[in-house]
>>> print(open('protein-v3.txt').read())   # compact mmCIF, N, CA and C atoms
# COMPACT_ATOMS: atom_id res chain seq x y z
N MET A 1 40.92 6.43 1.94
CA MET A 1 39.57 6.24 2.39
C MET A 1 39.57 6.09 3.92
N LYS A 2 38.62 6.70 4.59
CA LYS A 2 38.45 6.55 6.03
C LYS A 2 37.41 5.46 6.31
N ILE A 3 37.77 4.54 7.21
CA ILE A 3 36.87 3.45 7.56
C ILE A 3 36.81 3.33 9.08
N ALA A 4 35.62 3.51 9.65
CA ALA A 4 35.43 3.24 11.07
C ALA A 4 35.21 1.74 11.22
N VAL A 5 35.81 1.15 12.25
CA VAL A 5 35.80 -0.31 12.40
C VAL A 5 35.58 -0.68 13.86
N SER A 6 34.78 -1.72 14.09
CA SER A 6 34.69 -2.28 15.43
C SER A 6 36.10 -2.66 15.88
N ALA A 7 36.52 -2.12 17.02
CA ALA A 7 37.89 -2.34 17.50
C ALA A 7 38.22 -3.81 17.68
N CYS A 8 37.24 -4.62 18.03
CA CYS A 8 37.50 -6.05 18.24
C CYS A 8 37.95 -6.73 16.95
N LEU A 9 37.49 -6.21 15.80
CA LEU A 9 37.89 -6.79 14.51
C LEU A 9 39.37 -6.52 14.22
N LEU A 10 39.91 -5.49 14.85
CA LEU A 10 41.32 -5.13 14.64
C LEU A 10 42.23 -5.80 15.67
N GLY A 11 41.64 -6.66 16.50
CA GLY A 11 42.43 -7.41 17.47
C GLY A 11 42.42 -6.83 18.87
N GLU A 12 41.68 -5.74 19.10
CA GLU A 12 41.60 -5.20 20.45
C GLU A 12 40.76 -6.14 21.32
N ASN A 13 41.28 -6.48 22.47
CA ASN A 13 40.59 -7.41 23.37
C ASN A 13 39.53 -6.65 24.18
N CYS A 14 38.46 -6.24 23.50
CA CYS A 14 37.40 -5.46 24.13
C CYS A 14 36.06 -6.21 24.11
N LYS A 15 36.06 -7.42 23.59
CA LYS A 15 34.86 -8.24 23.52
C LYS A 15 34.40 -8.63 24.93
N TYR A 16 33.15 -8.97 25.09
CA TYR A 16 32.59 -9.29 26.41
C TYR A 16 33.42 -10.33 27.17
N ASN A 17 34.02 -11.29 26.45
CA ASN A 17 34.78 -12.36 27.10
C ASN A 17 36.27 -12.03 27.25
N GLY A 18 36.63 -10.78 26.97
CA GLY A 18 38.02 -10.36 27.11
C GLY A 18 38.89 -10.67 25.91
N LYS A 19 38.28 -11.20 24.87
CA LYS A 19 39.02 -11.55 23.66
C LYS A 19 38.67 -10.59 22.54
N SER A 20 39.11 -10.90 21.33
CA SER A 20 38.81 -10.08 20.17
C SER A 20 38.12 -10.92 19.10
N ASN A 21 37.72 -10.26 18.05
CA ASN A 21 37.19 -10.93 16.85
C ASN A 21 38.12 -10.63 15.68
N TYR A 22 39.42 -10.75 15.93
CA TYR A 22 40.45 -10.40 14.95
C TYR A 22 40.10 -10.93 13.56
N ASP A 23 40.14 -10.02 12.59
CA ASP A 23 39.83 -10.38 11.21
C ASP A 23 40.95 -9.82 10.33
N GLU A 24 41.80 -10.70 9.87
CA GLU A 24 42.98 -10.29 9.09
C GLU A 24 42.60 -9.47 7.86
N ARG A 25 41.48 -9.79 7.22
CA ARG A 25 41.05 -9.03 6.03
C ARG A 25 40.80 -7.57 6.39
N ILE A 26 40.21 -7.34 7.56
CA ILE A 26 39.90 -5.98 7.99
C ILE A 26 41.20 -5.27 8.41
N VAL A 27 42.08 -5.96 9.13
CA VAL A 27 43.35 -5.37 9.56
C VAL A 27 44.17 -4.93 8.35
N ARG A 28 44.16 -5.72 7.29
CA ARG A 28 44.94 -5.38 6.09
C ARG A 28 44.47 -4.09 5.44
N LEU A 29 43.26 -3.66 5.74
CA LEU A 29 42.77 -2.40 5.17
C LEU A 29 43.62 -1.21 5.60
N ALA A 30 44.34 -1.34 6.71
CA ALA A 30 45.18 -0.25 7.20
C ALA A 30 46.33 0.06 6.24
N GLU A 31 46.65 -0.88 5.35
CA GLU A 31 47.73 -0.65 4.39
C GLU A 31 47.41 0.50 3.44
N ASP A 32 46.14 0.66 3.07
CA ASP A 32 45.76 1.66 2.08
C ASP A 32 44.67 2.61 2.55
N ASN A 33 44.25 2.50 3.81
CA ASN A 33 43.14 3.30 4.31
C ASN A 33 43.43 3.77 5.72
N GLU A 34 42.70 4.81 6.14
CA GLU A 34 42.78 5.26 7.53
C GLU A 34 41.68 4.55 8.30
N LEU A 35 42.08 3.74 9.30
CA LEU A 35 41.11 3.02 10.11
C LEU A 35 40.85 3.76 11.42
N ILE A 36 39.59 3.82 11.79
CA ILE A 36 39.17 4.50 13.01
C ILE A 36 38.51 3.44 13.90
N PRO A 37 39.25 2.91 14.89
CA PRO A 37 38.69 1.86 15.75
C PRO A 37 37.67 2.42 16.74
N LEU A 38 36.59 1.68 16.93
CA LEU A 38 35.53 2.06 17.86
C LEU A 38 35.05 0.84 18.63
N CYS A 39 34.81 1.02 19.93
CA CYS A 39 34.11 -0.01 20.71
C CYS A 39 33.07 0.71 21.56
N PRO A 40 31.83 0.79 21.06
CA PRO A 40 30.79 1.49 21.81
C PRO A 40 30.57 0.94 23.22
N GLU A 41 30.79 -0.34 23.42
CA GLU A 41 30.53 -0.92 24.74
C GLU A 41 31.54 -0.42 25.77
N THR A 42 32.81 -0.38 25.42
CA THR A 42 33.79 0.14 26.36
C THR A 42 33.67 1.67 26.47
N LEU A 43 33.33 2.34 25.38
CA LEU A 43 33.10 3.79 25.45
C LEU A 43 31.97 4.11 26.43
N GLY A 44 31.01 3.22 26.55
CA GLY A 44 29.89 3.41 27.46
C GLY A 44 30.21 3.05 28.91
N GLY A 45 31.46 2.67 29.16
CA GLY A 45 31.87 2.39 30.52
C GLY A 45 31.77 0.95 30.95
N LEU A 46 31.45 0.05 30.04
CA LEU A 46 31.37 -1.37 30.41
C LEU A 46 32.77 -1.96 30.49
N PRO A 47 33.01 -2.82 31.48
CA PRO A 47 34.35 -3.40 31.66
C PRO A 47 34.60 -4.53 30.66
N THR A 48 35.86 -4.92 30.57
CA THR A 48 36.25 -6.08 29.78
C THR A 48 37.09 -6.95 30.70
N PRO A 49 36.71 -8.21 30.89
CA PRO A 49 35.51 -8.87 30.38
C PRO A 49 34.26 -8.38 31.11
N ARG A 50 33.09 -8.77 30.57
CA ARG A 50 31.81 -8.39 31.16
C ARG A 50 30.79 -9.48 30.88
N THR A 51 29.69 -9.43 31.59
CA THR A 51 28.61 -10.39 31.38
C THR A 51 28.04 -10.18 29.98
N PRO A 52 27.80 -11.25 29.22
CA PRO A 52 27.22 -11.09 27.88
C PRO A 52 25.90 -10.33 27.92
N SER A 53 25.66 -9.54 26.87
CA SER A 53 24.42 -8.76 26.75
C SER A 53 23.78 -9.04 25.40
N GLU A 54 22.46 -8.91 25.37
CA GLU A 54 21.70 -9.04 24.12
C GLU A 54 20.56 -8.03 24.15
N ARG A 55 20.10 -7.64 22.97
CA ARG A 55 18.97 -6.72 22.86
C ARG A 55 17.66 -7.48 23.00
N ARG A 56 16.75 -6.88 23.75
CA ARG A 56 15.37 -7.35 23.86
C ARG A 56 14.51 -6.15 23.54
N ALA A 57 14.01 -6.08 22.32
CA ALA A 57 13.24 -4.92 21.85
C ALA A 57 14.12 -3.68 21.98
N ASP A 58 13.69 -2.69 22.76
CA ASP A 58 14.46 -1.45 22.86
C ASP A 58 15.40 -1.43 24.07
N ARG A 59 15.57 -2.55 24.76
CA ARG A 59 16.44 -2.63 25.93
C ARG A 59 17.64 -3.52 25.62
N VAL A 60 18.72 -3.34 26.38
CA VAL A 60 19.87 -4.25 26.32
C VAL A 60 20.02 -4.82 27.72
N MET A 61 19.98 -6.14 27.80
CA MET A 61 20.00 -6.84 29.09
C MET A 61 21.19 -7.79 29.14
N THR A 62 21.77 -7.91 30.34
CA THR A 62 22.84 -8.89 30.53
C THR A 62 22.22 -10.27 30.76
N LYS A 63 23.03 -11.27 30.61
CA LYS A 63 22.55 -12.64 30.79
C LYS A 63 22.02 -12.86 32.21
N ASP A 64 22.54 -12.10 33.17
CA ASP A 64 22.05 -12.24 34.55
C ASP A 64 20.92 -11.26 34.88
N GLY A 65 20.35 -10.60 33.85
CA GLY A 65 19.14 -9.80 34.04
C GLY A 65 19.33 -8.33 34.33
N ARG A 66 20.55 -7.82 34.27
CA ARG A 66 20.78 -6.40 34.52
C ARG A 66 20.53 -5.59 33.25
N ASP A 67 19.86 -4.45 33.38
CA ASP A 67 19.58 -3.56 32.25
C ASP A 67 20.79 -2.66 32.02
N VAL A 68 21.44 -2.81 30.86
CA VAL A 68 22.62 -2.00 30.52
C VAL A 68 22.33 -1.10 29.31
N THR A 69 21.06 -0.81 29.10
CA THR A 69 20.67 0.04 27.98
C THR A 69 21.38 1.39 28.05
N LYS A 70 21.45 1.97 29.24
CA LYS A 70 22.08 3.29 29.40
C LYS A 70 23.54 3.26 28.94
N GLU A 71 24.30 2.26 29.36
CA GLU A 71 25.70 2.16 28.98
C GLU A 71 25.86 1.96 27.48
N PHE A 72 25.00 1.13 26.89
CA PHE A 72 25.06 0.90 25.46
C PHE A 72 24.71 2.17 24.69
N THR A 73 23.74 2.93 25.17
CA THR A 73 23.33 4.16 24.50
C THR A 73 24.41 5.23 24.62
N ILE A 74 24.98 5.40 25.81
CA ILE A 74 26.06 6.38 25.98
C ILE A 74 27.23 6.02 25.08
N GLY A 75 27.62 4.76 25.04
CA GLY A 75 28.73 4.32 24.20
C GLY A 75 28.44 4.54 22.72
N ALA A 76 27.22 4.26 22.29
CA ALA A 76 26.85 4.47 20.90
C ALA A 76 26.89 5.96 20.55
N GLU A 77 26.42 6.80 21.46
CA GLU A 77 26.46 8.24 21.21
C GLU A 77 27.90 8.75 21.13
N MET A 78 28.77 8.23 21.99
CA MET A 78 30.19 8.63 21.94
C MET A 78 30.84 8.16 20.65
N ALA A 79 30.52 6.94 20.22
CA ALA A 79 31.05 6.44 18.96
C ALA A 79 30.55 7.29 17.79
N MET A 80 29.28 7.70 17.86
CA MET A 80 28.73 8.56 16.80
C MET A 80 29.43 9.91 16.76
N GLU A 81 29.83 10.45 17.91
CA GLU A 81 30.59 11.70 17.92
C GLU A 81 31.90 11.53 17.14
N THR A 82 32.56 10.40 17.34
CA THR A 82 33.80 10.11 16.62
C THR A 82 33.51 9.98 15.12
N VAL A 83 32.43 9.31 14.78
CA VAL A 83 32.05 9.14 13.38
C VAL A 83 31.76 10.50 12.74
N ARG A 84 30.97 11.33 13.41
CA ARG A 84 30.64 12.65 12.85
C ARG A 84 31.89 13.50 12.66
N ARG A 85 32.80 13.43 13.60
CA ARG A 85 34.04 14.22 13.54
C ARG A 85 34.95 13.74 12.40
N ASN A 86 35.01 12.43 12.18
CA ASN A 86 35.95 11.86 11.20
C ASN A 86 35.34 11.63 9.82
N LYS A 87 34.01 11.59 9.74
CA LYS A 87 33.30 11.40 8.47
C LYS A 87 33.85 10.24 7.63
N PRO A 88 33.76 9.01 8.17
CA PRO A 88 34.28 7.87 7.40
C PRO A 88 33.44 7.59 6.15
N ASP A 89 34.10 7.00 5.17
CA ASP A 89 33.43 6.60 3.94
C ASP A 89 32.65 5.31 4.13
N LEU A 90 33.03 4.54 5.14
CA LEU A 90 32.46 3.22 5.37
C LEU A 90 32.61 2.89 6.85
N ILE A 91 31.65 2.15 7.40
CA ILE A 91 31.74 1.65 8.76
C ILE A 91 31.60 0.13 8.69
N ILE A 92 32.60 -0.59 9.22
CA ILE A 92 32.57 -2.06 9.24
C ILE A 92 32.44 -2.51 10.69
N LEU A 93 31.38 -3.27 10.97
CA LEU A 93 31.06 -3.63 12.35
C LEU A 93 31.01 -5.14 12.57
N GLN A 94 31.13 -5.52 13.83
CA GLN A 94 31.04 -6.92 14.23
C GLN A 94 29.59 -7.39 14.12
N PRO A 95 29.35 -8.45 13.36
CA PRO A 95 27.98 -8.95 13.21
C PRO A 95 27.39 -9.48 14.51
N ARG A 96 26.08 -9.43 14.59
CA ARG A 96 25.26 -10.04 15.65
C ARG A 96 25.36 -9.35 17.00
N SER A 97 26.22 -8.38 17.15
CA SER A 97 26.47 -7.70 18.41
C SER A 97 25.31 -6.80 18.84
N PRO A 98 25.05 -6.68 20.15
CA PRO A 98 24.01 -5.76 20.61
C PRO A 98 24.38 -4.29 20.38
N SER A 99 25.65 -4.01 20.11
CA SER A 99 26.09 -2.66 19.75
C SER A 99 26.22 -2.51 18.25
N CYS A 100 26.92 -3.44 17.65
CA CYS A 100 27.40 -3.28 16.28
C CYS A 100 26.70 -4.16 15.24
N GLY A 101 25.86 -5.07 15.65
CA GLY A 101 25.19 -5.94 14.69
C GLY A 101 24.31 -5.15 13.73
N LYS A 102 24.24 -5.63 12.50
CA LYS A 102 23.40 -4.98 11.48
C LYS A 102 22.56 -6.05 10.79
N GLY A 103 21.25 -5.87 10.80
CA GLY A 103 20.36 -6.78 10.09
C GLY A 103 19.91 -7.98 10.90
N ARG A 104 20.85 -8.63 11.57
CA ARG A 104 20.55 -9.81 12.39
C ARG A 104 21.35 -9.70 13.69
N ILE A 105 20.66 -9.81 14.82
CA ILE A 105 21.30 -9.77 16.13
C ILE A 105 20.72 -10.89 16.98
N TYR A 106 21.41 -11.19 18.09
CA TYR A 106 20.88 -12.20 19.01
C TYR A 106 19.58 -11.69 19.63
N ASP A 107 18.66 -12.60 19.86
CA ASP A 107 17.27 -12.24 20.20
C ASP A 107 17.01 -11.93 21.67
N GLY A 108 18.01 -11.99 22.52
CA GLY A 108 17.81 -11.67 23.92
C GLY A 108 17.53 -12.86 24.80
N SER A 109 17.49 -14.05 24.22
CA SER A 109 17.23 -15.27 24.99
C SER A 109 18.52 -15.96 25.44
N PHE A 110 19.65 -15.51 24.92
CA PHE A 110 20.96 -16.08 25.23
C PHE A 110 21.03 -17.56 24.85
N THR A 111 20.35 -17.91 23.76
CA THR A 111 20.35 -19.29 23.27
C THR A 111 20.97 -19.39 21.88
N GLY A 112 21.56 -18.29 21.39
CA GLY A 112 22.18 -18.30 20.06
C GLY A 112 21.20 -18.06 18.93
N VAL A 113 19.95 -17.76 19.25
CA VAL A 113 18.93 -17.51 18.23
C VAL A 113 19.06 -16.08 17.71
N LEU A 114 19.04 -15.94 16.39
CA LEU A 114 19.12 -14.63 15.76
C LEU A 114 17.74 -14.13 15.38
N THR A 115 17.60 -12.81 15.37
CA THR A 115 16.36 -12.17 14.96
C THR A 115 16.71 -10.94 14.11
N ASP A 116 15.75 -10.44 13.36
CA ASP A 116 15.98 -9.22 12.60
C ASP A 116 16.18 -8.06 13.55
N GLY A 117 17.15 -7.22 13.26
CA GLY A 117 17.38 -6.04 14.09
C GLY A 117 18.81 -5.55 13.95
N ASP A 118 19.05 -4.40 14.57
CA ASP A 118 20.37 -3.78 14.56
C ASP A 118 20.82 -3.52 15.98
N GLY A 119 22.14 -3.50 16.19
CA GLY A 119 22.69 -3.10 17.47
C GLY A 119 22.47 -1.60 17.68
N VAL A 120 22.66 -1.15 18.90
CA VAL A 120 22.39 0.24 19.26
C VAL A 120 23.21 1.21 18.42
N PHE A 121 24.52 1.00 18.33
CA PHE A 121 25.38 1.89 17.54
C PHE A 121 25.08 1.76 16.05
N ALA A 122 24.95 0.55 15.56
CA ALA A 122 24.66 0.35 14.13
C ALA A 122 23.39 1.08 13.74
N ALA A 123 22.35 0.99 14.56
CA ALA A 123 21.08 1.66 14.26
C ALA A 123 21.26 3.16 14.16
N MET A 124 22.06 3.74 15.06
CA MET A 124 22.31 5.18 15.01
C MET A 124 23.04 5.58 13.74
N ALA A 125 24.07 4.82 13.39
CA ALA A 125 24.86 5.14 12.20
C ALA A 125 24.02 5.00 10.93
N ILE A 126 23.21 3.98 10.86
CA ILE A 126 22.34 3.78 9.70
C ILE A 126 21.32 4.91 9.60
N LYS A 127 20.74 5.28 10.73
CA LYS A 127 19.74 6.35 10.75
C LYS A 127 20.33 7.67 10.24
N GLU A 128 21.61 7.90 10.55
CA GLU A 128 22.26 9.13 10.09
C GLU A 128 22.77 9.02 8.65
N GLY A 129 22.56 7.87 8.02
CA GLY A 129 22.87 7.72 6.61
C GLY A 129 24.26 7.23 6.27
N TYR A 130 25.01 6.77 7.26
CA TYR A 130 26.34 6.25 6.97
C TYR A 130 26.24 4.87 6.32
N ARG A 131 27.23 4.57 5.51
CA ARG A 131 27.31 3.26 4.86
C ARG A 131 27.86 2.26 5.88
N VAL A 132 27.02 1.34 6.31
CA VAL A 132 27.37 0.38 7.37
C VAL A 132 27.27 -1.03 6.82
N ILE A 133 28.33 -1.81 7.05
CA ILE A 133 28.31 -3.23 6.71
C ILE A 133 28.91 -3.99 7.88
N THR A 134 28.67 -5.29 7.93
CA THR A 134 29.33 -6.11 8.94
C THR A 134 30.54 -6.79 8.32
N ALA A 135 31.40 -7.31 9.17
CA ALA A 135 32.57 -8.04 8.68
C ALA A 135 32.14 -9.22 7.83
N ASP A 136 30.99 -9.82 8.14
CA ASP A 136 30.48 -10.94 7.33
C ASP A 136 30.12 -10.50 5.92
N GLU A 137 29.71 -9.24 5.77
CA GLU A 137 29.31 -8.71 4.46
C GLU A 137 30.48 -8.13 3.68
N PHE A 138 31.60 -7.90 4.35
CA PHE A 138 32.75 -7.22 3.75
C PHE A 138 33.36 -8.01 2.60
N THR A 139 33.65 -7.31 1.53
CA THR A 139 34.45 -7.84 0.42
C THR A 139 35.49 -6.79 0.08
N SER A 140 36.55 -7.16 -0.61
CA SER A 140 37.58 -6.19 -0.96
C SER A 140 37.01 -5.07 -1.83
N ALA A 141 35.93 -5.33 -2.54
CA ALA A 141 35.30 -4.29 -3.36
C ALA A 141 34.77 -3.15 -2.48
N ASP A 142 34.38 -3.46 -1.24
CA ASP A 142 33.90 -2.41 -0.34
C ASP A 142 34.99 -1.38 -0.07
N ALA A 143 36.22 -1.83 0.09
CA ALA A 143 37.33 -0.93 0.37
C ALA A 143 37.70 -0.10 -0.86
N GLU A 144 37.37 -0.59 -2.03
CA GLU A 144 37.68 0.12 -3.26
C GLU A 144 36.57 1.06 -3.68
N ASN A 145 35.43 1.01 -3.00
CA ASN A 145 34.25 1.78 -3.39
C ASN A 145 34.12 3.01 -2.50
N GLY A 146 35.18 3.80 -2.40
CA GLY A 146 35.25 4.91 -1.47
C GLY A 146 34.26 6.03 -1.68
N GLY A 147 33.80 6.30 -2.87
CA GLY A 147 32.94 7.44 -3.11
C GLY A 147 31.52 7.25 -2.63
N ASN A 148 31.18 6.08 -2.15
CA ASN A 148 29.81 5.76 -1.77
C ASN A 148 29.61 5.91 -0.27
N THR A 149 29.75 7.13 0.27
CA THR A 149 29.70 7.33 1.71
C THR A 149 28.38 6.96 2.32
N ARG A 150 27.30 7.38 1.75
CA ARG A 150 25.97 7.16 2.36
C ARG A 150 25.23 6.09 1.57
N SER A 151 24.46 5.27 2.30
CA SER A 151 23.71 4.20 1.63
C SER A 151 22.40 4.68 1.09
>>> encode(input="protein-v3.txt", output="structure tokens")
Amino acid sequence: MKIAVSACLLGENCKYNGKSNYDERIVRLAEDNELIPLCPETLGGLPTPRTPSERRADRVMTKDGRDVTKEFTIGAEMAMETVRRNKPDLIILQPRSPSCGKGRIYDGSFTGVLTDGDGVFAAMAIKEGYRVITADEFTSADAENGGNTRS
């Protein structure tokens, strides 16, 4: 089974603070599956570390007020090119992220408040019909359910 994964979940230090969101359950998937790491934020040219960003409606803003929507969009489009080329059966993303969050993301106030919504990349992948879950939603049954490519 092919699984596209937020690179930070695999231990890549690409998170805004220069760290990762290493998730051993996700890393173990490499034993029986082909993992395709993606970080839309670094693909879009954002440095690591970088100022935290959150979505505000259709924009992505840094905590210091800079609009980084363009970088997030370019990175999401580049990640989608990789997804289209590799045709993963499943995409597992970092929850709450302005790129990869699905269902609930930070509200743009930088106060830890969540709101309904999707990150830029997650929204694109969902719109194209890919099966997208967050690491919070992941269960081992997801890795065994390979035939369910589209949601």
>>> residues_near_point(input="protein-v3.txt", point="(22.7, -8.0, 23.6)", cutoff="6.5 Å", atoms="only N, CA and C atoms", output="list in words")
Pro52, Ser53, Glu54, Arg55, Arg56, Val60, Met61, Ser97, Pro98, Ser99, Tyr106 and Gly108 of chain A
>>> atom_distance(input="protein-v3.txt", atom1="atom N of Leu114 (chain A)", atom2="atom N of Thr48 (chain A)")
24.6 Å
>>> select_by_dssp(input="protein-v3.txt", residues="region 6-138 of chain A", states="alpha helix (DSSP H)", output="PDB file with N, CA and C atoms, keeping the file's coordinate frame")
ATOM      1  N   GLU A  24      41.800 -10.700   9.870  1.00  0.00           N
ATOM      2  CA  GLU A  24      42.980 -10.290   9.090  1.00  0.00           C
ATOM      3  C   GLU A  24      42.600  -9.470   7.860  1.00  0.00           C
ATOM      4  N   ARG A  25      41.480  -9.790   7.220  1.00  0.00           N
ATOM      5  CA  ARG A  25      41.050  -9.030   6.030  1.00  0.00           C
ATOM      6  C   ARG A  25      40.800  -7.570   6.390  1.00  0.00           C
ATOM      7  N   ILE A  26      40.210  -7.340   7.560  1.00  0.00           N
ATOM      8  CA  ILE A  26      39.900  -5.980   7.990  1.00  0.00           C
ATOM      9  C   ILE A  26      41.200  -5.270   8.410  1.00  0.00           C
ATOM     10  N   VAL A  27      42.080  -5.960   9.130  1.00  0.00           N
ATOM     11  CA  VAL A  27      43.350  -5.370   9.560  1.00  0.00           C
ATOM     12  C   VAL A  27      44.170  -4.930   8.350  1.00  0.00           C
ATOM     13  N   PRO A  40      31.830   0.790  21.060  1.00  0.00           N
ATOM     14  CA  PRO A  40      30.790   1.490  21.810  1.00  0.00           C
ATOM     15  C   PRO A  40      30.570   0.940  23.220  1.00  0.00           C
ATOM     16  N   GLU A  41      30.790  -0.340  23.420  1.00  0.00           N
ATOM     17  CA  GLU A  41      30.530  -0.920  24.740  1.00  0.00           C
ATOM     18  C   GLU A  41      31.540  -0.420  25.770  1.00  0.00           C
ATOM     19  N   THR A  42      32.810  -0.380  25.420  1.00  0.00           N
ATOM     20  CA  THR A  42      33.790   0.140  26.360  1.00  0.00           C
ATOM     21  C   THR A  42      33.670   1.670  26.470  1.00  0.00           C
ATOM     22  N   LEU A  43      33.330   2.340  25.380  1.00  0.00           N
ATOM     23  CA  LEU A  43      33.100   3.790  25.450  1.00  0.00           C
ATOM     24  C   LEU A  43      31.970   4.110  26.430  1.00  0.00           C
ATOM     25  N   THR A  69      21.060  -0.810  29.100  1.00  0.00           N
ATOM     26  CA  THR A  69      20.670   0.040  27.980  1.00  0.00           C
ATOM     27  C   THR A  69      21.380   1.390  28.050  1.00  0.00           C
ATOM     28  N   LYS A  70      21.450   1.970  29.240  1.00  0.00           N
ATOM     29  CA  LYS A  70      22.080   3.290  29.400  1.00  0.00           C
ATOM     30  C   LYS A  70      23.540   3.260  28.940  1.00  0.00           C
ATOM     31  N   GLU A  71      24.300   2.260  29.360  1.00  0.00           N
ATOM     32  CA  GLU A  71      25.700   2.160  28.980  1.00  0.00           C
ATOM     33  C   GLU A  71      25.860   1.960  27.480  1.00  0.00           C
ATOM     34  N   PHE A  72      25.000   1.130  26.890  1.00  0.00           N
ATOM     35  CA  PHE A  72      25.060   0.900  25.460  1.00  0.00           C
ATOM     36  C   PHE A  72      24.710   2.170  24.690  1.00  0.00           C
ATOM     37  N   THR A  73      23.740   2.930  25.170  1.00  0.00           N
ATOM     38  CA  THR A  73      23.330   4.160  24.500  1.00  0.00           C
ATOM     39  C   THR A  73      24.410   5.230  24.620  1.00  0.00           C
ATOM     40  N   ILE A  74      24.980   5.400  25.810  1.00  0.00           N
ATOM     41  CA  ILE A  74      26.060   6.380  25.980  1.00  0.00           C
ATOM     42  C   ILE A  74      27.230   6.020  25.080  1.00  0.00           C
ATOM     43  N   GLY A  75      27.620   4.760  25.040  1.00  0.00           N
ATOM     44  CA  GLY A  75      28.730   4.320  24.200  1.00  0.00           C
ATOM     45  C   GLY A  75      28.440   4.540  22.720  1.00  0.00           C
ATOM     46  N   ALA A  76      27.220   4.260  22.290  1.00  0.00           N
ATOM     47  CA  ALA A  76      26.850   4.470  20.900  1.00  0.00           C
ATOM     48  C   ALA A  76      26.890   5.960  20.550  1.00  0.00           C
ATOM     49  N   GLU A  77      26.420   6.800  21.460  1.00  0.00           N
ATOM     50  CA  GLU A  77      26.460   8.240  21.210  1.00  0.00           C
ATOM     51  C   GLU A  77      27.900   8.750  21.130  1.00  0.00           C
ATOM     52  N   MET A  78      28.770   8.230  21.990  1.00  0.00           N
ATOM     53  CA  MET A  78      30.190   8.630  21.940  1.00  0.00           C
ATOM     54  C   MET A  78      30.840   8.160  20.650  1.00  0.00           C
ATOM     55  N   ALA A  79      30.520   6.940  20.220  1.00  0.00           N
ATOM     56  CA  ALA A  79      31.050   6.440  18.960  1.00  0.00           C
ATOM     57  C   ALA A  79      30.550   7.290  17.790  1.00  0.00           C
ATOM     58  N   MET A  80      29.280   7.700  17.860  1.00  0.00           N
ATOM     59  CA  MET A  80      28.730   8.560  16.800  1.00  0.00           C
ATOM     60  C   MET A  80      29.430   9.910  16.760  1.00  0.00           C
ATOM     61  N   GLU A  81      29.830  10.450  17.910  1.00  0.00           N
ATOM     62  CA  GLU A  81      30.590  11.700  17.920  1.00  0.00           C
ATOM     63  C   GLU A  81      31.900  11.530  17.140  1.00  0.00           C
ATOM     64  N   THR A  82      32.560  10.400  17.340  1.00  0.00           N
ATOM     65  CA  THR A  82      33.800  10.110  16.620  1.00  0.00           C
ATOM     66  C   THR A  82      33.510   9.980  15.120  1.00  0.00           C
ATOM     67  N   VAL A  83      32.430   9.310  14.780  1.00  0.00           N
ATOM     68  CA  VAL A  83      32.050   9.140  13.380  1.00  0.00           C
ATOM     69  C   VAL A  83      31.760  10.500  12.740  1.00  0.00           C
ATOM     70  N   ARG A  84      30.970  11.330  13.410  1.00  0.00           N
ATOM     71  CA  ARG A  84      30.640  12.650  12.850  1.00  0.00           C
ATOM     72  C   ARG A  84      31.890  13.500  12.660  1.00  0.00           C
ATOM     73  N   ARG A  85      32.800  13.430  13.600  1.00  0.00           N
ATOM     74  CA  ARG A  85      34.040  14.220  13.540  1.00  0.00           C
ATOM     75  C   ARG A  85      34.950  13.740  12.400  1.00  0.00           C
ATOM     76  N   ASN A  86      35.010  12.430  12.180  1.00  0.00           N
ATOM     77  CA  ASN A  86      35.950  11.860  11.200  1.00  0.00           C
ATOM     78  C   ASN A  86      35.340  11.630   9.820  1.00  0.00           C
ATOM     79  N   VAL A 120      22.660  -1.150  18.900  1.00  0.00           N
ATOM     80  CA  VAL A 120      22.390   0.240  19.260  1.00  0.00           C
ATOM     81  C   VAL A 120      23.210   1.210  18.420  1.00  0.00           C
ATOM     82  N   PHE A 121      24.520   1.000  18.330  1.00  0.00           N
ATOM     83  CA  PHE A 121      25.380   1.890  17.540  1.00  0.00           C
ATOM     84  C   PHE A 121      25.080   1.760  16.050  1.00  0.00           C
ATOM     85  N   ALA A 122      24.950   0.550  15.560  1.00  0.00           N
ATOM     86  CA  ALA A 122      24.660   0.350  14.130  1.00  0.00           C
ATOM     87  C   ALA A 122      23.390   1.080  13.740  1.00  0.00           C
ATOM     88  N   ALA A 123      22.350   0.990  14.560  1.00  0.00           N
ATOM     89  CA  ALA A 123      21.080   1.660  14.260  1.00  0.00           C
ATOM     90  C   ALA A 123      21.260   3.160  14.160  1.00  0.00           C
ATOM     91  N   MET A 124      22.060   3.740  15.060  1.00  0.00           N
ATOM     92  CA  MET A 124      22.310   5.180  15.010  1.00  0.00           C
ATOM     93  C   MET A 124      23.040   5.580  13.740  1.00  0.00           C
ATOM     94  N   ALA A 125      24.070   4.820  13.390  1.00  0.00           N
ATOM     95  CA  ALA A 125      24.860   5.140  12.200  1.00  0.00           C
ATOM     96  C   ALA A 125      24.020   5.000  10.930  1.00  0.00           C
ATOM     97  N   ILE A 126      23.210   3.980  10.860  1.00  0.00           N
ATOM     98  CA  ILE A 126      22.340   3.780   9.700  1.00  0.00           C
ATOM     99  C   ILE A 126      21.320   4.910   9.600  1.00  0.00           C
ATOM    100  N   LYS A 127      20.740   5.280  10.730  1.00  0.00           N
ATOM    101  CA  LYS A 127      19.740   6.350  10.750  1.00  0.00           C
ATOM    102  C   LYS A 127      20.330   7.670  10.240  1.00  0.00           C
TER     103      LYS A 127
END
>>> residues_around(input="protein-v3.txt", residues="Ile36 (chain A)", least_positions_apart="6", cutoff="7 Å", atoms="only N, CA and C atoms", output="list in words")
Lys2, Ile3, Ala4, Val5, Ser6 and Ala7 of chain A
>>> closest_residue(input="protein-v3.txt", among="A:Cys8, A:Leu35, A:Arg131, A:Asp116", to="Tyr22 (chain A)", atoms="only N, CA and C atoms")
A:Cys8
>>> closest_residue(input="protein-v3.txt", among="A:Thr69, A:Asn86, A:Ser109, A:Asn13", to="Cys39 (chain A)", atoms="only C-alpha atoms")
A:Asn13
>>> axis_aligned_box(input="protein-v3.txt", around="region 83-92 of chain A", padding_each_side="8 Å", output="JSON")
{"center_x": 33.3, "center_y": 5.9, "center_z": 9.4, "size_x": 21.3, "size_y": 32.7, "size_z": 26.8}
